[in-house]
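S.K.: Before we start, here is the structure in question, set down as structure tokens.
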Number of protein chains: 2
Amino acid sequence: MKQVIELVERKRGVACCTPVAPRLTSGAAEQFSADLALLAHPVRVQILDLLAQSEGQVCVCDLESGLPVKQPTVSHHLRLLREAGLIDCEKQGLWAYYFVKREALTALRARIDAGFQALG
Amino acid sequence: MKQVIELVERKRGVACCTPVAPRLTSGAAEQFSADLALLAHPVRVQILDLLAQSEGQVCVCDLESGLPVKQPTVSHHLRLLREAGLIDCEKQGLWAYYFVKREALTALRARIDAGFQALG
DNA sequence: AAGATGTATTGACGAACTTCAATCTATCGG
DNA sequence: CCGATAGATTGAAGTTCGTCAATACATCTT
């Protein structure tokens, strides 16, 4: 008896399906997830690792020899990273020397950190 | 034979294709990218946002009403987050009250931050 | 000019991801 | 027990992503 009453009262009290207001706008959620998606692939992470390491420039064949994918795939991922502004390249003769744009990487990291802070 | 010699000499001059040693193991790159992929979807980010906000628990219908997807899709993303250990739920009667596992979220954030540090 | 070479692009294919209607399961109220 | 309801699961469809052979392009060497 007592239990039943408590149950009923708890449900009313709990008020299921109370709308919860988001702290992030849907636009912010999309920005955050897009930022994460950019590096959510091991090959892109490895490319960034290889580039970040050589202060100088690295050509595509250097990358290819250090990665588990073929040249067109390397070029594909390089394009994604370049279009996102995270890396860039300088062409010298036949070779394309790629490098990390440090300030862009820093900015990406900061945005991701801010996203986590908003969640925490 | 002549060709081989010429090839070798040209390459020497330009010094292309110098092997670059990775700082991250391929396993670490996969861990990092998998961590990022977990939140590389706006709906999962929004779910986490909604849960992180209510200190108490949130039922699935609360989430559904605040998200741009239907109930089975909400359940699907909840499952991914739960299997990753980021959230959990407590069933009370008909309702399932979900909540963020703060320490898991903190650990995820720390791993991601460490990944960026390795890249920087 | 012709051939060789590094890189980019194209096109196609398969794999993985996202979504939802339909259905199933478990629980509650009567 | 029966009808109603919250949530999970299934299965199918559409979409995006990752990969690579083939090819195109640009530049170098001869």
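Convention: chains lettered A, B, ... in structure tokens order; per-chain residue numbering from 1; ligands numbered from 1 as shown.
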For the strand (DSSP E or B) assignment from backbone DSSP, which residues of chain A qualify? Please present them as a list of chain:residue names.

M.R.: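 Of chain A, the ones in strand (DSSP E or B) are A:Val58, A:Cys59, A:Ile87, A:Asp88, A:Cys89, A:Glu90, A:Lys91, A:Gln92, A:Trp95, A:Ala96, A:Tyr97, A:Tyr98, A:Phe99, A:Val100.
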
S.K.: The selected residues should be written to file as a compact mmCIF listing (two decimals), in the first residue's frame (atoms: C-alpha atoms).

M.R.:
```txt
# COMPACT_ATOMS: atom_id res chain seq x y z
CA VAL A 58 57.90 15.85 -46.45
CA CYS A 59 57.06 14.70 -49.95
CA ILE A 87 48.28 21.38 -43.70
CA ASP A 88 49.60 22.92 -46.88
CA CYS A 89 52.22 22.14 -49.50
CA GLU A 90 54.86 23.84 -51.51
CA LYS A 91 55.69 22.46 -54.91
CA GLN A 92 59.30 22.25 -55.94
CA TRP A 95 57.88 17.08 -55.64
CA ALA A 96 55.21 18.43 -53.35
CA TYR A 97 56.50 19.15 -49.87
CA TYR A 98 53.80 19.06 -47.25
CA PHE A 99 53.87 20.66 -43.84
CA VAL A 100 51.59 21.24 -40.86
```

S.K.: May I ask you to extract the residues of chain B within 10 Å of chain C, using only C-alpha atoms (C1' of nucleotides), and to give them as a PyMOL selection string?

M.R.: chain B and resi 69-73+76-77+92-95

S.K.: Quote the C-alpha RMSD, in Å to one decimal, that results from superposing chain B on chain A by least squares across all C-alpha atoms in order.

M.R.: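 Pairing the C-alpha atoms in order and fitting gives 4.0 Å.
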
S.K.: As a ChimeraX atom specification, please: every residue in chain B that DSSP puts in helix (DSSP H, G or I).

M.R.: /B:2-14,26-38,42-53,60-66,71-83,102-119

S.K.: Based on only C-alpha atoms, which of the residues in chain A come within 6 Å of chain B? I want them as a list in words.

M.R.: Cys17, Pro19, Pro22, Ala29, Glu30, Ser33, Leu36, Ala37, Ala40, His41, Pro42, Val45, Asp49, Leu50, Cys61, Asp62 and Leu119 of chain A

S.K.: Using only C-alpha atoms (C1' of nucleotides) and a cut-off of 10 Å, which residues of chain D sit close to chain A? Please list them as a list in words.

M.R.: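 Listed by rising number, the hits are DG18, DT19, DC20, DA21, DA26, DT27 and DC28 of chain D.
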
S.K.: Would you compute the distance between CA of Leu78 in chain A and CA of Gly56 in chain A? Give it in Å to one decimal.

M.R.: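 Pair CA of Leu78 in chain A / CA of Gly56 in chain A returns 16.7 Å.
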
S.K.: Would you work out the distance separating CA of Leu81 in chain B from C1' of DA13 in chain D, expressed in Å to one decimal?

M.R.: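 Value for the CA of Leu81 in chain B-C1' of DA13 in chain D distance: 24.3 Å.
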